[in-house]
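Undergrad: Quick one, target-v9.pdb (PDB, C-alpha atoms):
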```
ATOM      1  CA  MET F1475     -69.349-201.313  19.789  1.00  0.00           C
ATOM      2  CA  LYS F1476     -72.409-200.649  21.952  1.00  0.00           C
ATOM      3  CA  ASN F1477     -70.665-202.256  24.902  1.00  0.00           C
ATOM      4  CA  LEU F1478     -67.621-200.077  24.404  1.00  0.00           C
ATOM      5  CA  ILE F1479     -69.729-196.919  24.328  1.00  0.00           C
ATOM      6  CA  SER F1480     -71.603-197.934  27.475  1.00  0.00           C
ATOM      7  CA  ILE F1481     -68.317-198.707  29.281  1.00  0.00           C
ATOM      8  CA  ILE F1482     -66.934-195.269  28.392  1.00  0.00           C
ATOM      9  CA  GLY F1483     -70.202-193.719  29.525  1.00  0.00           C
ATOM     10  CA  LEU F1484     -69.978-195.518  32.854  1.00  0.00           C
ATOM     11  CA  ILE F1485     -66.353-194.408  33.386  1.00  0.00           C
ATOM     12  CA  SER F1486     -67.393-190.855  32.633  1.00  0.00           C
ATOM     13  CA  LEU F1487     -70.272-190.972  35.108  1.00  0.00           C
ATOM     14  CA  SER F1488     -68.104-192.512  37.823  1.00  0.00           C
ATOM     15  CA  CYS F1489     -65.582-189.705  37.393  1.00  0.00           C
ATOM     16  CA  PHE F1490     -68.320-187.115  37.775  1.00  0.00           C
ATOM     17  CA  SER F1491     -69.611-188.812  40.890  1.00  0.00           C
ATOM     18  CA  LEU F1492     -66.215-188.221  42.556  1.00  0.00           C
ATOM     19  CA  LYS F1493     -67.062-184.513  42.691  1.00  0.00           C
ATOM     20  CA  ALA F1494     -69.518-184.307  45.585  1.00  0.00           C
ATOM     21  CA  ALA F1495     -71.573-181.175  46.123  1.00  0.00           C
ATOM     22  CA  GLU F1496     -69.596-179.153  48.640  1.00  0.00           C
ATOM     23  CA  PRO F1497     -71.282-176.947  51.270  1.00  0.00           C
ATOM     24  CA  ALA F1498     -72.017-173.443  49.998  1.00  0.00           C
ATOM     25  CA  ILE F1499     -73.639-170.277  51.377  1.00  0.00           C
ATOM     26  CA  GLY F1500     -77.290-171.024  52.098  1.00  0.00           C
ATOM     27  CA  SER F1501     -76.816-174.781  52.443  1.00  0.00           C
ATOM     28  CA  ALA F1502     -77.242-176.581  55.757  1.00  0.00           C
ATOM     29  CA  LEU F1503     -74.250-177.542  57.882  1.00  0.00           C
ATOM     30  CA  PRO F1504     -73.717-181.297  57.434  1.00  0.00           C
ATOM     31  CA  ALA F1505     -73.590-183.521  60.517  1.00  0.00           C
ATOM     32  CA  LEU F1506     -69.990-183.155  61.685  1.00  0.00           C
ATOM     33  CA  SER F1507     -70.274-186.250  63.892  1.00  0.00           C
ATOM     34  CA  GLY F1508     -70.625-188.346  60.747  1.00  0.00           C
ATOM     35  CA  LEU F1509     -67.603-186.732  59.107  1.00  0.00           C
ATOM     36  CA  LEU F1510     -65.450-186.824  62.253  1.00  0.00           C
ATOM     37  CA  PRO F1511     -66.191-190.187  63.882  1.00  0.00           C
ATOM     38  CA  GLY F1512     -64.947-190.447  67.449  1.00  0.00           C
ATOM     39  CA  ALA F1513     -64.316-186.723  67.847  1.00  0.00           C
ATOM     40  CA  LYS F1514     -65.680-184.919  70.903  1.00  0.00           C
ATOM     41  CA  LEU F1515     -67.856-182.228  69.389  1.00  0.00           C
ATOM     42  CA  PRO F1516     -69.785-179.546  71.273  1.00  0.00           C
ATOM     43  CA  LYS F1517     -73.538-179.126  70.892  1.00  0.00           C
ATOM     44  CA  THR F1518     -74.275-176.788  68.010  1.00  0.00           C
ATOM     45  CA  ALA F1519     -78.091-176.784  67.921  1.00  0.00           C
ATOM     46  CA  GLY F1520     -79.403-173.221  68.129  1.00  0.00           C
ATOM     47  CA  LYS F1521     -75.894-171.745  68.268  1.00  0.00           C
ATOM     48  CA  VAL F1522     -73.832-169.651  65.902  1.00  0.00           C
ATOM     49  CA  VAL F1523     -71.044-171.941  64.726  1.00  0.00           C
ATOM     50  CA  LEU F1524     -67.666-171.170  63.176  1.00  0.00           C
ATOM     51  CA  VAL F1525     -66.057-174.201  61.519  1.00  0.00           C
ATOM     52  CA  ASP F1526     -62.420-173.521  60.667  1.00  0.00           C
ATOM     53  CA  PHE F1527     -60.154-175.768  58.593  1.00  0.00           C
ATOM     54  CA  TRP F1528     -56.491-175.394  59.520  1.00  0.00           C
ATOM     55  CA  ALA F1529     -53.169-177.233  59.342  1.00  0.00           C
ATOM     56  CA  SER F1530     -49.893-177.028  61.267  1.00  0.00           C
ATOM     57  CA  TRP F1531     -47.952-176.299  58.051  1.00  0.00           C
ATOM     58  CA  CYS F1532     -50.170-173.334  57.141  1.00  0.00           C
ATOM     59  CA  ALA F1533     -48.773-169.958  58.282  1.00  0.00           C
ATOM     60  CA  PRO F1534     -52.033-167.960  57.959  1.00  0.00           C
ATOM     61  CA  CYS F1535     -53.770-170.641  60.061  1.00  0.00           C
ATOM     62  CA  LYS F1536     -51.206-170.000  62.781  1.00  0.00           C
ATOM     63  CA  ALA F1537     -51.879-166.265  62.507  1.00  0.00           C
ATOM     64  CA  SER F1538     -55.639-166.836  62.762  1.00  0.00           C
ATOM     65  CA  PHE F1539     -55.492-168.716  66.077  1.00  0.00           C
ATOM     66  CA  PRO F1540     -55.152-165.649  68.363  1.00  0.00           C
ATOM     67  CA  THR F1541     -58.144-164.099  66.546  1.00  0.00           C
ATOM     68  CA  MET F1542     -60.200-167.252  67.011  1.00  0.00           C
ATOM     69  CA  ALA F1543     -59.232-167.344  70.682  1.00  0.00           C
ATOM     70  CA  ARG F1544     -60.349-163.701  71.106  1.00  0.00           C
ATOM     71  CA  LEU F1545     -63.660-164.411  69.368  1.00  0.00           C
ATOM     72  CA  HIS F1546     -64.205-167.425  71.610  1.00  0.00           C
ATOM     73  CA  GLN F1547     -63.469-165.415  74.756  1.00  0.00           C
ATOM     74  CA  LYS F1548     -65.777-162.600  73.707  1.00  0.00           C
ATOM     75  CA  TYR F1549     -68.738-164.476  72.252  1.00  0.00           C
ATOM     76  CA  ALA F1550     -68.798-168.044  73.640  1.00  0.00           C
ATOM     77  CA  ALA F1551     -71.104-167.005  76.493  1.00  0.00           C
ATOM     78  CA  LYS F1552     -73.439-165.342  74.004  1.00  0.00           C
ATOM     79  CA  GLY F1553     -73.837-168.509  71.918  1.00  0.00           C
ATOM     80  CA  LEU F1554     -70.812-168.825  69.608  1.00  0.00           C
ATOM     81  CA  VAL F1555     -69.232-172.248  69.124  1.00  0.00           C
ATOM     82  CA  ILE F1556     -65.892-172.485  67.319  1.00  0.00           C
ATOM     83  CA  ILE F1557     -64.729-175.832  65.952  1.00  0.00           C
ATOM     84  CA  GLY F1558     -61.202-175.942  64.547  1.00  0.00           C
ATOM     85  CA  ILE F1559     -60.649-178.936  62.277  1.00  0.00           C
ATOM     86  CA  GLY F1560     -56.969-179.838  61.840  1.00  0.00           C
ATOM     87  CA  VAL F1561     -56.226-181.633  58.574  1.00  0.00           C
ATOM     88  CA  ASP F1562     -52.623-182.733  59.182  1.00  0.00           C
ATOM     89  CA  ASP F1563     -51.692-186.148  57.791  1.00  0.00           C
ATOM     90  CA  ASP F1564     -49.545-186.911  60.817  1.00  0.00           C
ATOM     91  CA  ILE F1565     -51.242-186.768  64.204  1.00  0.00           C
ATOM     92  CA  LYS F1566     -47.907-185.762  65.799  1.00  0.00           C
ATOM     93  CA  ASP F1567     -47.906-182.537  63.765  1.00  0.00           C
ATOM     94  CA  TYR F1568     -51.484-181.877  64.884  1.00  0.00           C
ATOM     95  CA  GLN F1569     -50.698-182.581  68.542  1.00  0.00           C
ATOM     96  CA  GLY F1570     -47.523-180.474  68.430  1.00  0.00           C
ATOM     97  CA  PHE F1571     -49.445-177.518  67.049  1.00  0.00           C
ATOM     98  CA  VAL F1572     -52.250-177.854  69.601  1.00  0.00           C
ATOM     99  CA  ALA F1573     -49.694-177.989  72.427  1.00  0.00           C
ATOM    100  CA  LYS F1574     -47.840-174.948  71.106  1.00  0.00           C
ATOM    101  CA  TYR F1575     -50.934-172.797  70.519  1.00  0.00           C
ATOM    102  CA  PRO F1576     -53.424-173.600  73.294  1.00  0.00           C
ATOM    103  CA  VAL F1577     -56.898-172.172  72.719  1.00  0.00           C
ATOM    104  CA  GLY F1578     -60.187-172.380  74.581  1.00  0.00           C
ATOM    105  CA  PHE F1579     -62.356-173.592  71.712  1.00  0.00           C
ATOM    106  CA  THR F1580     -62.810-177.143  70.389  1.00  0.00           C
ATOM    107  CA  LEU F1581     -60.079-178.597  68.213  1.00  0.00           C
ATOM    108  CA  VAL F1582     -60.496-181.900  66.411  1.00  0.00           C
ATOM    109  CA  HIS F1583     -58.273-183.917  64.117  1.00  0.00           C
ATOM    110  CA  ASP F1584     -59.624-184.907  60.715  1.00  0.00           C
ATOM    111  CA  ALA F1585     -57.316-187.934  60.556  1.00  0.00           C
ATOM    112  CA  LYS F1586     -58.563-189.303  57.250  1.00  0.00           C
ATOM    113  CA  GLN F1587     -59.389-185.864  55.823  1.00  0.00           C
ATOM    114  CA  THR F1588     -63.001-186.958  55.450  1.00  0.00           C
ATOM    115  CA  ALA F1589     -64.470-183.633  56.582  1.00  0.00           C
ATOM    116  CA  ALA F1590     -61.957-181.679  54.487  1.00  0.00           C
ATOM    117  CA  GLY F1591     -62.774-183.847  51.488  1.00  0.00           C
ATOM    118  CA  PHE F1592     -66.471-183.185  51.971  1.00  0.00           C
ATOM    119  CA  PHE F1593     -66.206-179.428  52.573  1.00  0.00           C
ATOM    120  CA  ASN F1594     -63.451-179.105  49.948  1.00  0.00           C
ATOM    121  CA  PRO F1595     -62.051-175.815  51.348  1.00  0.00           C
ATOM    122  CA  PRO F1596     -60.735-173.704  48.443  1.00  0.00           C
ATOM    123  CA  THR F1597     -57.655-172.580  50.387  1.00  0.00           C
ATOM    124  CA  MET F1598     -56.070-172.935  53.816  1.00  0.00           C
ATOM    125  CA  PRO F1599     -57.431-171.718  56.141  1.00  0.00           C
ATOM    126  CA  THR F1600     -61.099-171.642  55.197  1.00  0.00           C
ATOM    127  CA  SER F1601     -63.869-171.048  57.715  1.00  0.00           C
ATOM    128  CA  TYR F1602     -67.616-171.483  57.517  1.00  0.00           C
ATOM    129  CA  LEU F1603     -69.935-169.335  59.629  1.00  0.00           C
ATOM    130  CA  ILE F1604     -73.280-170.935  60.417  1.00  0.00           C
ATOM    131  CA  ASP F1605     -76.352-169.206  61.843  1.00  0.00           C
ATOM    132  CA  ARG F1606     -78.591-170.443  64.647  1.00  0.00           C
ATOM    133  CA  SER F1607     -80.828-172.302  62.189  1.00  0.00           C
ATOM    134  CA  GLY F1608     -77.856-174.322  60.914  1.00  0.00           C
ATOM    135  CA  LYS F1609     -77.386-172.608  57.555  1.00  0.00           C
ATOM    136  CA  ILE F1610     -74.013-171.479  56.223  1.00  0.00           C
ATOM    137  CA  THR F1611     -74.094-167.694  55.938  1.00  0.00           C
ATOM    138  CA  HIS F1612     -70.454-166.779  55.235  1.00  0.00           C
ATOM    139  CA  ILE F1613     -67.368-168.528  53.895  1.00  0.00           C
ATOM    140  CA  HIS F1614     -63.966-166.970  54.655  1.00  0.00           C
ATOM    141  CA  LYS F1615     -61.227-168.006  52.246  1.00  0.00           C
ATOM    142  CA  GLY F1616     -57.822-167.410  53.822  1.00  0.00           C
ATOM    143  CA  PHE F1617     -56.945-165.177  56.758  1.00  0.00           C
ATOM    144  CA  LYS F1618     -55.960-161.540  56.177  1.00  0.00           C
ATOM    145  CA  GLY F1619     -55.261-160.324  59.715  1.00  0.00           C
ATOM    146  CA  ALA F1620     -57.243-157.406  61.136  1.00  0.00           C
ATOM    147  CA  LYS F1621     -59.446-157.185  58.032  1.00  0.00           C
ATOM    148  CA  THR F1622     -60.727-160.740  58.508  1.00  0.00           C
ATOM    149  CA  GLU F1623     -61.080-160.248  62.279  1.00  0.00           C
ATOM    150  CA  THR F1624     -63.274-157.182  61.695  1.00  0.00           C
ATOM    151  CA  GLU F1625     -65.417-159.140  59.249  1.00  0.00           C
ATOM    152  CA  TYR F1626     -65.754-162.027  61.717  1.00  0.00           C
ATOM    153  CA  THR F1627     -66.765-159.639  64.510  1.00  0.00           C
ATOM    154  CA  GLN F1628     -69.413-157.876  62.433  1.00  0.00           C
ATOM    155  CA  GLU F1629     -70.877-161.101  61.061  1.00  0.00           C
ATOM    156  CA  ILE F1630     -70.888-162.922  64.405  1.00  0.00           C
ATOM    157  CA  GLU F1631     -72.509-159.980  66.204  1.00  0.00           C
ATOM    158  CA  ALA F1632     -75.188-159.796  63.514  1.00  0.00           C
ATOM    159  CA  LEU F1633     -75.894-163.523  63.735  1.00  0.00           C
ATOM    160  CA  LEU F1634     -75.921-163.559  67.553  1.00  0.00           C
ATOM    161  CA  GLY F1635     -78.353-160.634  67.538  1.00  0.00           C
ATOM    162  CA  LYS F1636     -80.881-162.466  65.367  1.00  0.00           C
TER     163      LYS F1636
ATOM    164  CA  MET X 205     -70.281-190.695   6.597  1.00  0.00           C
ATOM    165  CA  ASN X 206     -69.787-193.145   9.422  1.00  0.00           C
ATOM    166  CA  THR X 207     -70.663-191.244  12.588  1.00  0.00           C
ATOM    167  CA  LYS X 208     -69.785-193.989  15.097  1.00  0.00           C
ATOM    168  CA  PRO X 209     -66.051-193.193  15.378  1.00  0.00           C
ATOM    169  CA  PHE X 210     -66.887-189.540  15.794  1.00  0.00           C
ATOM    170  CA  ILE X 211     -69.375-190.257  18.606  1.00  0.00           C
ATOM    171  CA  LEU X 212     -66.837-192.574  20.222  1.00  0.00           C
ATOM    172  CA  PHE X 213     -64.199-189.843  20.008  1.00  0.00           C
ATOM    173  CA  LEU X 214     -66.557-187.317  21.620  1.00  0.00           C
ATOM    174  CA  LEU X 215     -67.417-189.743  24.413  1.00  0.00           C
ATOM    175  CA  MET X 216     -63.731-190.390  25.101  1.00  0.00           C
ATOM    176  CA  ILE X 217     -63.016-186.642  25.335  1.00  0.00           C
ATOM    177  CA  PHE X 218     -66.015-186.274  27.641  1.00  0.00           C
ATOM    178  CA  ALA X 219     -64.827-189.137  29.849  1.00  0.00           C
ATOM    179  CA  LEU X 220     -61.207-188.043  30.033  1.00  0.00           C
ATOM    180  CA  SER X 221     -61.987-184.378  30.660  1.00  0.00           C
ATOM    181  CA  SER X 222     -64.228-185.227  33.614  1.00  0.00           C
ATOM    182  CA  CYS X 223     -61.531-187.482  35.073  1.00  0.00           C
ATOM    183  CA  SER X 224     -58.771-184.905  34.822  1.00  0.00           C
ATOM    184  CA  SER X 225     -60.427-182.372  37.111  1.00  0.00           C
ATOM    185  CA  ALA X 226     -61.337-184.958  39.731  1.00  0.00           C
ATOM    186  CA  LEU X 227     -58.194-187.029  39.938  1.00  0.00           C
ATOM    187  CA  THR X 228     -55.078-185.018  39.244  1.00  0.00           C
ATOM    188  CA  ARG X 229     -55.196-181.888  41.373  1.00  0.00           C
ATOM    189  CA  VAL X 230     -53.608-181.580  44.799  1.00  0.00           C
ATOM    190  CA  LYS X 231     -56.272-180.102  47.062  1.00  0.00           C
ATOM    191  CA  PRO X 232     -55.351-177.163  49.344  1.00  0.00           C
ATOM    192  CA  PHE X 233     -55.615-179.346  52.451  1.00  0.00           C
ATOM    193  CA  GLU X 234     -53.278-181.972  50.929  1.00  0.00           C
ATOM    194  CA  ARG X 235     -50.312-179.641  50.525  1.00  0.00           C
ATOM    195  CA  GLY X 236     -48.544-180.539  53.765  1.00  0.00           C
ATOM    196  CA  ASN X 237     -45.541-182.128  52.048  1.00  0.00           C
ATOM    197  CA  LEU X 238     -45.290-179.339  49.484  1.00  0.00           C
ATOM    198  CA  ALA X 239     -45.297-176.798  52.333  1.00  0.00           C
ATOM    199  CA  ASN X 240     -42.419-178.549  54.098  1.00  0.00           C
ATOM    200  CA  PRO X 241     -39.394-176.199  54.412  1.00  0.00           C
ATOM    201  CA  LEU X 242     -37.232-178.997  52.986  1.00  0.00           C
ATOM    202  CA  MET X 243     -39.049-178.481  49.692  1.00  0.00           C
ATOM    203  CA  ALA X 244     -37.950-174.855  49.506  1.00  0.00           C
ATOM    204  CA  ASP X 245     -34.716-173.364  48.185  1.00  0.00           C
ATOM    205  CA  ARG X 246     -32.729-173.294  51.424  1.00  0.00           C
ATOM    206  CA  ASP X 247     -29.635-171.472  50.207  1.00  0.00           C
ATOM    207  CA  PRO X 248     -30.373-168.889  47.499  1.00  0.00           C
ATOM    208  CA  LEU X 249     -26.667-167.964  47.129  1.00  0.00           C
ATOM    209  CA  PHE X 250     -25.649-171.586  46.567  1.00  0.00           C
ATOM    210  CA  SER X 251     -28.477-172.014  44.056  1.00  0.00           C
ATOM    211  CA  ALA X 252     -27.438-168.865  42.206  1.00  0.00           C
ATOM    212  CA  MET X 253     -23.809-170.060  42.024  1.00  0.00           C
ATOM    213  CA  SER X 254     -24.886-173.518  40.839  1.00  0.00           C
ATOM    214  CA  MET X 255     -27.044-171.987  38.146  1.00  0.00           C
ATOM    215  CA  HIS X 256     -24.116-169.806  37.088  1.00  0.00           C
ATOM    216  CA  VAL X 257     -21.849-172.864  36.714  1.00  0.00           C
ATOM    217  CA  TYR X 258     -24.616-174.678  34.840  1.00  0.00           C
ATOM    218  CA  PHE X 259     -25.040-171.710  32.521  1.00  0.00           C
ATOM    219  CA  SER X 260     -21.266-171.486  31.907  1.00  0.00           C
ATOM    220  CA  ARG X 261     -21.041-175.135  30.952  1.00  0.00           C
ATOM    221  CA  GLU X 262     -24.321-175.703  29.188  1.00  0.00           C
ATOM    222  CA  SER X 263     -24.975-172.267  27.672  1.00  0.00           C
ATOM    223  CA  SER X 264     -28.484-172.533  28.991  1.00  0.00           C
ATOM    224  CA  PHE X 265     -30.248-171.723  32.197  1.00  0.00           C
ATOM    225  CA  GLY X 266     -33.497-172.296  34.061  1.00  0.00           C
ATOM    226  CA  GLY X 267     -35.298-175.540  34.668  1.00  0.00           C
ATOM    227  CA  GLY X 268     -34.144-175.707  38.272  1.00  0.00           C
ATOM    228  CA  GLY X 269     -37.618-175.957  39.723  1.00  0.00           C
ATOM    229  CA  VAL X 270     -41.262-176.466  38.984  1.00  0.00           C
ATOM    230  CA  GLY X 271     -44.361-174.387  39.614  1.00  0.00           C
ATOM    231  CA  GLY X 272     -47.188-175.279  41.939  1.00  0.00           C
ATOM    232  CA  GLY X 273     -45.124-175.970  45.059  1.00  0.00           C
ATOM    233  CA  GLY X 274     -45.406-174.495  48.516  1.00  0.00           C
ATOM    234  CA  CYS X 275     -48.260-174.107  50.937  1.00  0.00           C
ATOM    235  CA  GLY X 276     -50.570-172.288  48.543  1.00  0.00           C
ATOM    236  CA  CYS X 277     -52.293-170.725  51.549  1.00  0.00           C
ATOM    237  CA  ASN X 278     -54.487-167.617  51.540  1.00  0.00           C
TER     238      ASN X 278
END
```
Would you write out, as structure tokens, the structure that this file holds?
TA:
Amino acid sequence: MKNLISIIGLISLSCFSLKAAEPAIGSALPALSGLLPGAKLPKTAGKVVLVDFWASWCAPCKASFPTMARLHQKYAAKGLVIIGIGVDDDIKDYQGFVAKYPVGFTLVHDAKQTAAGFFNPPTMPTSYLIDRSGKITHIHKGFKGAKTETEYTQEIEALLGK
Amino acid sequence: MNTKPFILFLLMIFALSSCSSALTRVKPFERGNLANPLMADRDPLFSAMSMHVYFSRESSFGGGGVGGGGCGCN
């Protein structure tokens, strides 16, 4: 009987352990190089970073790309780094999307969805804005056109000014 | 009163409830197949006519799809 109870207890604990603590506002940006092995990532130390999770099958992600490109053009020289993490299962879908929507910022493929699994974005797209000290300051769930672009602009300008 | 079965029952509920949230849900970034256009109703007129025939023959309707599909974006 005791054995049975301990086995059930162990199963219960193992199930809980599957739910890792996902990054939240105020927490530090995890090392992306560890989550995206082999990916060419830009240097983020001392920069304002925007990490965006997107997929080729996600229409709002497609709509957000011109905004991201504008933000990159406007603020890259001032210290903004944008990293777009594509979570497509099939690399051909990822490559097709990248070819169709060329942008100036860094795009990487999360082939095994390790980074997505760790960040656990609540919807697609989800973006994380990180300040110069490496702390997550804003999380954008979804993309709502001009409204989201205005929010990005205000938040990025505030963070770059600090 | 023998409390052991009751404790065992509580532990099983505890174990199963923690598993259900971790193992059964499709995460937003895993919805690529569900977002595929092939998964959508491609011809609404044909579907409506089919449902009409089904209703005429079976005297019942509905049940032609399930919830939770699609991209689920935004």
Undergrad: Counting only C-alpha atoms, which of X:Asn278, X:Thr207, X:Ser254, X:Asn237 gets nearest to chain F?
TA: X:Asn278
Undergrad: List the residues selected by the PyMOL selection byres ((chain X) within 7 of (chain F)) in the file shown, writing them as a PyMOL selection string.
TA: chain X and resi 212+215-216+218-219+222-223+226+232-233+236+239+275+277-278
Undergrad: Using all atoms of region 1590-1609 of chain F that appear in the file, construct an axis-aligned enclosing box with 6 Å of padding on every side and provide its centre coordinates and edge lengths in Å, rounded to one decimal, as AutoDock Vina command-line options.
TA:
```
--center_x -68.4 --center_y -176.5 --center_z 56.5 --size_x 36.8 --size_y 26.6 --size_z 28.2
```
Undergrad: Pick the closest to Phe1592 (chain F) from X:Glu262, X:Lys231, X:Gly273, X:Asn240: which is it, counting all atoms listed in the file?
TA: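 Closest candidate: X:Lys231.
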Undergrad: In Å, rounded to a single decimal, give me how far CA of Ser1601 (chain F) is from CA of Glu234 (chain X).
TA: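 Computing it gives 16.7 Å between the two atoms.
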Undergrad: Specify as number ranges by chain each residue included when the PyMOL selection byres ((chain F and resi 1521) around 9) is applied to this file.
TA: F: 1517-1520, 1522-1523, 1552-1555, 1604-1608, 1634
Undergrad: Could you check how far CA of Pro241 (chain X) sits from CA of Lys1536 (chain F), in Å to one decimal?
TA: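 Going from CA of Pro241 (chain X) over to CA of Lys1536 (chain F) covers 15.7 Å.
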Undergrad: Taking into account all atoms listed in the file, which residue in the set F:Ala1620, F:Gln1547, F:Pro1497, F:Lys1586 is nearest to Leu1509 (chain F)?
TA: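 Comparing F:Ala1620, F:Gln1547, F:Pro1497, F:Lys1586 against Leu1509 (chain F), the winner is F:Lys1586.
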Undergrad: Just to confirm, what's the straight-line distance from CA of Pro1504 (chain F) to CA of Ile1610 (chain F) in Å (one decimal)?
TA: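 Rounded to one decimal, the two atoms are 9.9 Å apart.
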Undergrad: Need the shell around Glu1625 (chain F): protein/DNA/RNA residues with any atom at most 12 Å away, counting all atoms listed in the file. Skip same-chain ones fewer than 6 positions apart. Format as a ChimeraX atom specification?
TA: /F:1541,1545,1603,1612-1614,1617-1619,1631-1632
Undergrad: Using only C-alpha atoms, which of the listed residues (X:Gly274, X:Ile217, X:Val230, X:His256) sits closest to Ala244 (chain X)?
TA: X:Gly274
Undergrad: May I have the residues within 12 Å of Pro1576 (chain F) as a PyMOL selection string, using all atoms listed in the file and disregarding those fewer than 4 positions away in the same chain?
TA: chain F and resi 1536+1539-1540+1542-1543+1558+1568-1572+1580-1581
Undergrad: Selected residues, C-alpha atoms, written as a compact mmCIF listing (two decimals), keeping the file's coordinate frame, please.
TA:
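The resulting file, selection_11.txt, is reproduced below:
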```
# COMPACT_ATOMS: atom_id res chain seq x y z
CA LYS F 1536 -51.21 -170.00 62.78
CA PHE F 1539 -55.49 -168.72 66.08
CA PRO F 1540 -55.15 -165.65 68.36
CA MET F 1542 -60.20 -167.25 67.01
CA ALA F 1543 -59.23 -167.34 70.68
CA GLY F 1558 -61.20 -175.94 64.55
CA TYR F 1568 -51.48 -181.88 64.88
CA GLN F 1569 -50.70 -182.58 68.54
CA GLY F 1570 -47.52 -180.47 68.43
CA PHE F 1571 -49.44 -177.52 67.05
CA VAL F 1572 -52.25 -177.85 69.60
CA THR F 1580 -62.81 -177.14 70.39
CA LEU F 1581 -60.08 -178.60 68.21
```
Undergrad: Within 9 Å of Phe1593 (chain F), counting only C-alpha atoms, which residues qualify if same-chain residues fewer than 4 places away don't, as a list in words?
TA: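 Contacts, in chain order: Ala1495, Glu1496, Pro1497, Ala1498, Thr1588 and Ala1589 of chain F.
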Undergrad: Taking the block above, write region 233-261 of chain X with C-alpha atoms as a compact mmCIF listing (two decimals), in the first residue's frame.
TA:
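Result saved to result_26.txt:
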```
# COMPACT_ATOMS: atom_id res chain seq x y z
CA PHE X 233 2.99 27.30 -31.36
CA GLU X 234 1.99 23.70 -32.19
CA ARG X 235 -1.10 24.63 -34.19
CA GLY X 236 0.50 24.54 -37.63
CA ASN X 237 -1.52 21.55 -38.84
CA LEU X 238 -4.75 22.90 -37.37
CA ALA X 239 -4.13 26.21 -39.17
CA ASN X 240 -3.69 24.46 -42.53
CA PRO X 241 -6.35 25.66 -45.03
CA LEU X 242 -7.11 22.01 -45.79
CA MET X 243 -8.53 21.76 -42.28
CA ALA X 244 -11.08 24.48 -42.98
CA ASP X 245 -14.50 24.24 -44.60
CA ARG X 246 -13.51 24.92 -48.20
CA ASP X 247 -16.95 25.06 -49.78
CA PRO X 248 -19.62 26.48 -47.45
CA LEU X 249 -22.40 25.97 -50.05
CA PHE X 250 -21.53 22.29 -50.49
CA SER X 251 -21.40 21.85 -46.72
CA ALA X 252 -24.78 23.54 -46.30
CA MET X 253 -26.33 21.28 -48.97
CA SER X 254 -24.79 18.17 -47.41
CA MET X 255 -26.13 19.14 -44.02
CA HIS X 256 -29.56 19.70 -45.57
CA VAL X 257 -29.55 16.18 -47.08
CA TYR X 258 -28.34 14.76 -43.77
CA PHE X 259 -31.11 16.58 -41.94
CA SER X 260 -33.74 15.34 -44.43
CA ARG X 261 -32.68 11.74 -44.02
```
